[in-house]
Amino acid sequence: MENKYNEFKGQPRLPQFADPKRYDLRLKPDLVSCKFAGDADISVDVVSHTKFIVLNAAELSVDPNSVHFKSSNKLFEALEVGLIKEDEIVVVEFGESLPLGFGVLSMAFEGTLNDRMKGFYRSTYEHNGEKRNMAVTQFEPADARRCFPCWDEPAYKATFKITLEVPSELVALSNMPVEEEKVTGNLKTVHYQESPIMSTYLVAIVVGLFDYVEGHTSDGIPVRVYCQVGKANQGNFALNVSVKTLPLFKEYFGAPYSLPKLDMIAIPDFAAGAMENYGLVTYRETALLYDYKHSAAANKQRVATVVAHELAHQWFGNLVTMEWWTHLWLNEGFATWVSYLATDSLFPEWEIWTQFLEEATEGLHLDGLTESHPIEVDINHAGEIDEIFDAISYRKGASVIRMLQSYLGPESFQRALASYIKRYACSNAKTEDLWSVLQEESGEPVNTLMNSWTKQKGYPVVSVKIKDQILECEQTQFLLSGSHGDGQWIVPLTLCCGSYEARKSFLMQEKSEALDVKDLLGSSSSKGNPWIKVNVDQTGFYRVKYDNELSARLRYAIESKNLSTNDKYGILDDSYALSMASHQSLSSMLALMASFREELDYAVLSNLISISYKVSKIAADAVPDLQNHIKLFFINLFQYSAERLCWDAKVGESHLDAMLRGELLNALAAFGHDETINEAIRRFHIFLDDRNTTVLPPDLRRAVYVAVMQRVNKSDRSGFEALLRVYRETDLSQEKTRILGALASCRDPEIILEVLNFLLCSEVRSQDCVFGLAVSFEGRETAWKWLKKKWDHIHKTYGAGFLLTRFISATVSPFASYEKAKEVEEFFASRTKPYIARTLKQSIERVHINANWVQSIQNEMNLSEAVTELAYRKY
C-alpha cells in the first residue's frame with residue numbers, strides 16, 4: 001500500500017466525508033489471554049460524495065470480510081480495507097460512491113489488552129494471594145482508536161450503546177447504568193443504557209473485582225466509589241466530597257449533572273492522576289483513596305482537589321467539549337481553577353486559594369522558557385498532544401482564568417459561564433466562543449484582553465519605581481534566560497499603598513505607563529514612605545520587579561507582618577525568578593529570605609522551603625566553598641517555625657500546620673541538621689517494631705524517611721534495607737510513593753544507582769517510577785549515566801506519553817553546565833521522537849539557565865561576606 005491512499009496520509013485531521021452519530025459497540029475482553037474481540041455498527045451521516053470512509057484505528061486487526069455499509073436497504077461491501085499504521089487510520093474503500101445521508105458502517109475487529117496504560121489495557125491486582133488482571137480504558141487524548149475503530153477527534157460527538165461480554169463473577173462498568181444483564185454459564189452479557197452525545201475520548205469501560213461505597217447527592221443522583229476488594233472504607237472521604245461537589249457545580253454552572261449516575265474508581269496501574277470519563281471517572285489510587293490511619297493531610301487535600309477537578313469536567317469538557325486539542329486548556333485550565341473554588345467551599349479552613357499560588361508558580365516557571373508554548377497551541381499530529389498536558393494548559397490556564405475573574409468580578413463571571421454552558425451544551429466550543437460570551441455578559445473588551453494571554457507564549461515582568469508621587473511602570477517579556485523577549489500584554493494592574501484600604505487598578509496597555517498615586521499615598525495609614533505592592537494578592541499572571549527603595553520598604557512590611565499571605569508569597573517568588581534570570585543578586589535574594597524567619601503561613605513557608613532546595617543546589621555548583629554556610633543559614637531560617645510546631649501534633653491543630661510540620665522537618669533533615677536526623681531515626685526504629693505507633697504519624701513519615709536516607713551509604717545500608725522492607729509490606733500506594741521519593745534523597749551515588757535500578761523492577765508499578773527520579777545533588781551524574789544505559793528499555797516500556805517525558809526532565813534539568821547541555825543534545829540527536837521533542841528542548845534550556853545563573857553568582861561581589869553574616873547571624 002506504498003502509494004495507495006496517499007491523500008489520506010500525514011494529515012492532522014480526518015477527512016470530512018461522514019459524521020458518526022451513534023456507535024453500537026460490543027466488546028468481549030479475555031482477561032487471561034489479554035486479548036479482546038469486538039464489533040461495531042456505526043450510524044453515520046455521509047455528507048459528501050465519496051467511495052471512501054476514513055476513520056481512526058491503531059493496534060487493531062479489522063476483519064475485511066466483516067466490513068460493509070448499509071443505506072436504505074442497500075448493502076455496500078468493502079472493496080478494500082487498508083490500515084495505515086503510522087497515521088493510525090483505517091481506509092474503507094467501496095466499489096461505488098456512497099449515497100448521501102444516513103447509513104450504518106459495520107465491522108469486526110480484535111486487539112490486545114496492552115500493558116502501557118493507554119487504550120484498552122490491563123492492570124494487575126492481587127485477590128486472595130492470587131495475581132489477576134482487570135481491563136481498563138484510558139482514551140484521552142487519542143487512544144479510543146486502540147479499542148475500536150472510530151472518529152477519534154473531540155468534535156465528532158456521538159451517542160454510545162455499549163454491550164460487554166465478561167466473566168459472570170466480575171464487576172463490569174461503563175459510562176451509563178446497566179439496562180439489562182444476561183448470565184449464560186460463567187459468562188454474562190451486560191447491556192448499558194445509551195449515552196448522551198459525547199466525544200470518543202470520554203468513553204470508558206472497567207472490568208474486574210471491586211468493592212464499593214455508595215451515597216446520593218441532595219437531588220438523588222447515586223454516586224459510588226469503587227476500589228480493590230478490602231479497601232472500600234478508603235473510598236468514604238472521596239464519596240463525601242463528590243456528593244457535595246455535584247450540587248455545588250449544578251448551582252455554579254446553572255445546569256444539572258447530565259447523567260443518571262456517577263461512578264469513580266481507583267485503578268492500581270494508571271498513568272495520569274485521574275480521567276474524567278463521563279459518568280465513570282478513573283483515578284490513581286493515591287488520588288481517590290484516603291486511609292484515616294495511614295494517609296497524610298497532604299493526601300487528603302490531593303483527593304479533594306482531584307475529585308473536584310474531575311467532576312468540574314463533567315460540565316467543562318464533557319457537556320461542552322473543546323473543538324480540537326488546540327483548545328485543551330479550556331478543559332484543563334477551567335477544571336483546575338474551579339476545583340479550588342469547590343474545595344474552598346467545602347474546606348474553608350484549608351485556605352486553599354493561598355495554595356493556588358503553587359499552580360501559578362508552576363505555570364510561571366515553565367512559561368519563562370523560550371521553549372514554552374502559547375496556551376492555544378497548534379496540534380498537527382496526534383503524537384504531539386500528550387506533551388501539552390502540561391503546566392501551561394493546566395496552571396497558566398487556571399491562572400489567567402483567575403486573573404480574568406478577578407478583573408470582571410465573580411458575579412459577572414459566573415453569570416457568563418452559566419450562559420456559555422447553556423449555549424454550547426452537547427456541542428463543541430473554541431476559546432473565542434468563551435471570550436464572546438464573557439464579553440457580552442460583562443461589557444468589557446475580553447477578547448482583546450485575553451488574546452494577548454492565550455495566543456502568545458510568555459508573560460511580562462512589570463518594573464516599577466516611584467518618582468515624585470508618580471509610579472512609573474514598564475513591561476517587558478520575562479525570560480528565565482535573562483534575555484528579554486518582544487511580547488507585549490494588556491495587563492490588569494492592581495496596587496495598594498501602605499494598607500489594603502488604599503488600592504487602585506487599571507489596564508496597562510502600553511510598554512510603559514505612569515500612574516499618579518498622590519491620592520493613594522495621601523490616604524495611606526503608614527506615614528512617611530509607605531510600602532507599595534503591585535499585583536495585589538497575586539491575582540495577575542505576571543512578575544513585578546521593584547527598584548531598591550521599594551524593595552526595602554516591602555522587606556520592612558514583611559518583617560512588620562503587614563502583608564497578606566498571597567502578597568508575601570508573590571514577593572518571594574518574583575525575587576527568586578529574578579535572581580535565577582540574573583536580574584537580581586543572590587545576596588539580595590538571601591536577605592529577603594531572612595526576613596521570613598518568623599513566618600507562620602503555610603503557603604509562604606512551603607515556597608520558601610522549595611526555593612531553599614534549589615538555591616542550595618545551584619550554590620553547590622557555583623560556590624561550593626560556601627555550601628556549608630548556606631545550609632547553616634537555611635537550618636537557622638527554618639528552626640524557628642519547626643520549634644513552634646515541634647514534632648508532635650497538638651490537639652485540634654489546623655490542616656495547614658499538619659502539612660507544614662512534615663515539610664519543615666524534611667528541610668532540616670535534607671540540610672543535614674543532626675538533631676532532626678537523630679530524632680527521626682529514633683522514631684523510625686520504634687515504627688519498625690510497631691507499625692501502629694503514634695510516634696510516626698503519616699504527616700511525619702516522608703520527613704523521617706528522608707532523614708533515614710541521609711545516613712545511608714554503601715558501608716551502612718541498614719536504613720535503606722529497612723525502608724525497602726516497609727515498602728514491600730505496605731499495600732497503600734501513598735506510602736509506597738512516599739518511600740520512593742525518600743530513597744532518591746540518599747547522598748551516596750552507589751546507593752542511588754541501586755534505587756534507580758529498583759524503580760525499573762517488577763516491585764514498582766511503572767506509573768510510580770517517576771517518584772524516585774528526583775535524586776540528590778550527589779546522585780545526578782549517576783542518574784544521567786543510568787538513563788543513557790537504560791534508555792532503550794525505558795522507551796520500550798513507556799512508549800509515547802507523559803511518563804516517558806518525566807524521565808528526561810527529572811534527570812536532565814538539574815544540571816548546570818553548557819558542556820552537559822551539549823552532551824544531552826548529542827545523546828538524543830539520534831533518539832528524538834515527536835512526543836519527547838518539546839520536553840527535551842525545555843530540559844536543555846533549563847540546563848543553560850542554570851549555567852547562566854552559576855556564572856552570575858560567581859561574578860557576584862561580596863557574596864561570601866553576605867552569606868557568612870546570614871549563616872552566623874544572632875537573632
# chains A, B, ... in the order shown; residues from 1 in each chain; ligands from 1

call {"tool": "residues_around", "arguments": {"residues": "Leu280 of chain A", "least_positions_apart": "4", "cutoff": "7 Å", "atoms": "only C-alpha atoms", "output": "MDAnalysis selection string"}}
result
chainID A and resid 174:175 204 262:264

call {"tool": "closest_residue", "arguments": {"among": "A:Arg543, A:His373, A:Lys4, A:Arg553", "to": "Ala360 of chain A", "atoms": "only C-alpha atoms"}}
result
A:Arg543

call {"tool": "residues_around", "arguments": {"residues": "Glu359 of chain A", "least_positions_apart": "4", "cutoff": "8 Å", "atoms": "only C-alpha atoms", "output": "PyMOL selection string"}}
result
chain A and resi 355+363+391+395-396+398-399

call {"tool": "residues_around", "arguments": {"residues": "Ser406 of chain A", "least_positions_apart": "6", "cutoff": "12 Å", "atoms": "only C-alpha atoms", "output": "PDB file with all heavy atoms, in the first residue's frame"}}
result
ATOM      1  N   SER A 399      -4.560  30.108  35.934  1.00  0.00           N
ATOM      2  CA  SER A 399      -4.138  31.412  36.473  1.00  0.00           C
ATOM      3  C   SER A 399      -4.717  32.575  35.670  1.00  0.00           C
ATOM      4  O   SER A 399      -5.114  33.591  36.244  1.00  0.00           O
ATOM      5  CB  SER A 399      -2.611  31.508  36.499  1.00  0.00           C
ATOM      6  OG  SER A 399      -2.076  30.472  37.284  1.00  0.00           O
ATOM      7  N   VAL A 400      -4.767  32.443  34.342  1.00  0.00           N
ATOM      8  CA  VAL A 400      -5.329  33.553  33.563  1.00  0.00           C
ATOM      9  C   VAL A 400      -6.848  33.620  33.744  1.00  0.00           C
ATOM     10  O   VAL A 400      -7.441  34.692  33.671  1.00  0.00           O
ATOM     11  CB  VAL A 400      -4.926  33.519  32.056  1.00  0.00           C
ATOM     12  CG1 VAL A 400      -3.429  33.615  31.894  1.00  0.00           C
ATOM     13  CG2 VAL A 400      -5.489  32.337  31.320  1.00  0.00           C
ATOM     14  N   SER A 412     -20.387  38.607  37.733  1.00  0.00           N
ATOM     15  CA  SER A 412     -20.461  38.743  36.272  1.00  0.00           C
ATOM     16  C   SER A 412     -19.841  37.514  35.597  1.00  0.00           C
ATOM     17  O   SER A 412     -20.368  36.974  34.617  1.00  0.00           O
ATOM     18  CB  SER A 412     -19.715  40.017  35.862  1.00  0.00           C
ATOM     19  OG  SER A 412     -19.527  40.070  34.479  1.00  0.00           O
ATOM     20  N   PHE A 413     -18.727  37.060  36.152  1.00  0.00           N
ATOM     21  CA  PHE A 413     -18.012  35.912  35.589  1.00  0.00           C
ATOM     22  C   PHE A 413     -18.871  34.649  35.674  1.00  0.00           C
ATOM     23  O   PHE A 413     -18.990  33.903  34.700  1.00  0.00           O
ATOM     24  CB  PHE A 413     -16.703  35.722  36.383  1.00  0.00           C
ATOM     25  CG  PHE A 413     -15.752  34.762  35.738  1.00  0.00           C
ATOM     26  CD1 PHE A 413     -15.031  35.119  34.612  1.00  0.00           C
ATOM     27  CD2 PHE A 413     -15.549  33.489  36.260  1.00  0.00           C
ATOM     28  CE1 PHE A 413     -14.124  34.247  34.021  1.00  0.00           C
ATOM     29  CE2 PHE A 413     -14.655  32.605  35.683  1.00  0.00           C
ATOM     30  CZ  PHE A 413     -13.944  32.989  34.556  1.00  0.00           C
ATOM     31  N   GLN A 414     -19.490  34.438  36.817  1.00  0.00           N
ATOM     32  CA  GLN A 414     -20.318  33.230  36.993  1.00  0.00           C
ATOM     33  C   GLN A 414     -21.527  33.254  36.052  1.00  0.00           C
ATOM     34  O   GLN A 414     -21.865  32.241  35.432  1.00  0.00           O
ATOM     35  CB  GLN A 414     -20.785  33.112  38.446  1.00  0.00           C
ATOM     36  CG  GLN A 414     -21.580  31.838  38.702  1.00  0.00           C
ATOM     37  CD  GLN A 414     -22.082  31.739  40.137  1.00  0.00           C
ATOM     38  OE1 GLN A 414     -21.679  32.516  41.005  1.00  0.00           O
ATOM     39  NE2 GLN A 414     -22.950  30.790  40.387  1.00  0.00           N
ATOM     40  N   PRO A 492      -3.841  43.583  33.581  1.00  0.00           N
ATOM     41  CA  PRO A 492      -4.709  44.161  34.623  1.00  0.00           C
ATOM     42  C   PRO A 492      -3.867  44.431  35.880  1.00  0.00           C
ATOM     43  O   PRO A 492      -3.598  43.523  36.658  1.00  0.00           O
ATOM     44  CB  PRO A 492      -5.754  43.067  34.892  1.00  0.00           C
ATOM     45  CG  PRO A 492      -5.481  41.967  33.912  1.00  0.00           C
ATOM     46  CD  PRO A 492      -4.083  42.147  33.422  1.00  0.00           C
ATOM     47  N   LEU A 493      -3.396  45.663  36.027  1.00  0.00           N
ATOM     48  CA  LEU A 493      -2.525  46.017  37.154  1.00  0.00           C
ATOM     49  C   LEU A 493      -3.364  46.410  38.368  1.00  0.00           C
ATOM     50  O   LEU A 493      -4.343  47.150  38.247  1.00  0.00           O
ATOM     51  CB  LEU A 493      -1.632  47.203  36.789  1.00  0.00           C
ATOM     52  CG  LEU A 493      -0.307  46.941  36.075  1.00  0.00           C
ATOM     53  CD1 LEU A 493       0.528  48.212  36.071  1.00  0.00           C
ATOM     54  CD2 LEU A 493       0.492  45.811  36.691  1.00  0.00           C
ATOM     55  N   THR A 494      -2.970  45.901  39.529  1.00  0.00           N
ATOM     56  CA  THR A 494      -3.590  46.318  40.786  1.00  0.00           C
ATOM     57  C   THR A 494      -2.459  46.703  41.724  1.00  0.00           C
ATOM     58  O   THR A 494      -1.368  46.145  41.655  1.00  0.00           O
ATOM     59  CB  THR A 494      -4.382  45.158  41.418  1.00  0.00           C
ATOM     60  OG1 THR A 494      -3.530  44.006  41.498  1.00  0.00           O
ATOM     61  CG2 THR A 494      -5.606  44.792  40.604  1.00  0.00           C
ATOM     62  N   SER A 505      -6.716  50.066  40.576  1.00  0.00           N
ATOM     63  CA  SER A 505      -6.496  49.097  39.493  1.00  0.00           C
ATOM     64  C   SER A 505      -6.680  49.785  38.148  1.00  0.00           C
ATOM     65  O   SER A 505      -7.482  50.711  38.021  1.00  0.00           O
ATOM     66  CB  SER A 505      -7.445  47.900  39.621  1.00  0.00           C
ATOM     67  OG  SER A 505      -8.766  48.330  39.689  1.00  0.00           O
ATOM     68  N   ASN A 535       0.268  44.022  41.892  1.00  0.00           N
ATOM     69  CA  ASN A 535      -0.328  42.684  41.716  1.00  0.00           C
ATOM     70  C   ASN A 535      -0.854  42.183  43.069  1.00  0.00           C
ATOM     71  O   ASN A 535      -0.385  41.190  43.632  1.00  0.00           O
ATOM     72  CB  ASN A 535       0.673  41.689  41.118  1.00  0.00           C
ATOM     73  CG  ASN A 535      -0.016  40.415  40.614  1.00  0.00           C
ATOM     74  OD1 ASN A 535      -1.252  40.333  40.574  1.00  0.00           O
ATOM     75  ND2 ASN A 535       0.770  39.420  40.254  1.00  0.00           N
ATOM     76  N   VAL A 536      -1.850  42.918  43.570  1.00  0.00           N
ATOM     77  CA  VAL A 536      -2.401  42.651  44.906  1.00  0.00           C
ATOM     78  C   VAL A 536      -2.963  41.232  44.971  1.00  0.00           C
ATOM     79  O   VAL A 536      -3.720  40.809  44.086  1.00  0.00           O
ATOM     80  CB  VAL A 536      -3.504  43.683  45.252  1.00  0.00           C
ATOM     81  CG1 VAL A 536      -4.065  43.418  46.653  1.00  0.00           C
ATOM     82  CG2 VAL A 536      -2.946  45.099  45.161  1.00  0.00           C
ATOM     83  N   ASP A 537      -2.549  40.496  46.012  1.00  0.00           N
ATOM     84  CA  ASP A 537      -2.967  39.107  46.237  1.00  0.00           C
ATOM     85  C   ASP A 537      -2.593  38.165  45.100  1.00  0.00           C
ATOM     86  O   ASP A 537      -3.161  37.073  44.982  1.00  0.00           O
ATOM     87  CB  ASP A 537      -4.476  39.009  46.539  1.00  0.00           C
ATOM     88  CG  ASP A 537      -4.751  39.299  48.007  1.00  0.00           C
ATOM     89  OD1 ASP A 537      -3.847  39.060  48.833  1.00  0.00           O
ATOM     90  OD2 ASP A 537      -5.848  39.777  48.324  1.00  0.00           O
ATOM     91  N   GLN A 538      -1.678  38.603  44.247  1.00  0.00           N
ATOM     92  CA  GLN A 538      -1.136  37.745  43.179  1.00  0.00           C
ATOM     93  C   GLN A 538      -2.229  37.203  42.252  1.00  0.00           C
ATOM     94  O   GLN A 538      -2.154  36.062  41.814  1.00  0.00           O
ATOM     95  CB  GLN A 538      -0.348  36.571  43.783  1.00  0.00           C
ATOM     96  CG  GLN A 538       0.900  36.970  44.528  1.00  0.00           C
ATOM     97  CD  GLN A 538       1.886  37.767  43.700  1.00  0.00           C
ATOM     98  OE1 GLN A 538       2.088  38.957  43.921  1.00  0.00           O
ATOM     99  NE2 GLN A 538       2.504  37.131  42.737  1.00  0.00           N
ATOM    100  N   THR A 539      -3.224  38.035  41.928  1.00  0.00           N
ATOM    101  CA  THR A 539      -4.271  37.543  41.019  1.00  0.00           C
ATOM    102  C   THR A 539      -3.837  37.634  39.556  1.00  0.00           C
ATOM    103  O   THR A 539      -4.456  37.022  38.690  1.00  0.00           O
ATOM    104  CB  THR A 539      -5.596  38.321  41.197  1.00  0.00           C
ATOM    105  OG1 THR A 539      -5.317  39.708  41.056  1.00  0.00           O
ATOM    106  CG2 THR A 539      -6.218  38.049  42.556  1.00  0.00           C
ATOM    107  N   GLY A 540      -2.770  38.386  39.265  1.00  0.00           N
ATOM    108  CA  GLY A 540      -2.311  38.532  37.879  1.00  0.00           C
ATOM    109  C   GLY A 540      -1.196  37.562  37.537  1.00  0.00           C
ATOM    110  O   GLY A 540      -0.364  37.230  38.394  1.00  0.00           O
ATOM    111  N   PHE A 541      -1.151  37.122  36.280  1.00  0.00           N
ATOM    112  CA  PHE A 541      -0.112  36.184  35.832  1.00  0.00           C
ATOM    113  C   PHE A 541       1.073  36.965  35.264  1.00  0.00           C
ATOM    114  O   PHE A 541       1.303  37.014  34.066  1.00  0.00           O
ATOM    115  CB  PHE A 541      -0.695  35.227  34.780  1.00  0.00           C
ATOM    116  CG  PHE A 541       0.192  34.048  34.469  1.00  0.00           C
ATOM    117  CD1 PHE A 541       0.266  32.970  35.338  1.00  0.00           C
ATOM    118  CD2 PHE A 541       0.964  34.011  33.321  1.00  0.00           C
ATOM    119  CE1 PHE A 541       1.081  31.882  35.063  1.00  0.00           C
ATOM    120  CE2 PHE A 541       1.785  32.929  33.037  1.00  0.00           C
ATOM    121  CZ  PHE A 541       1.839  31.859  33.909  1.00  0.00           C
TER     122      PHE A 541
END
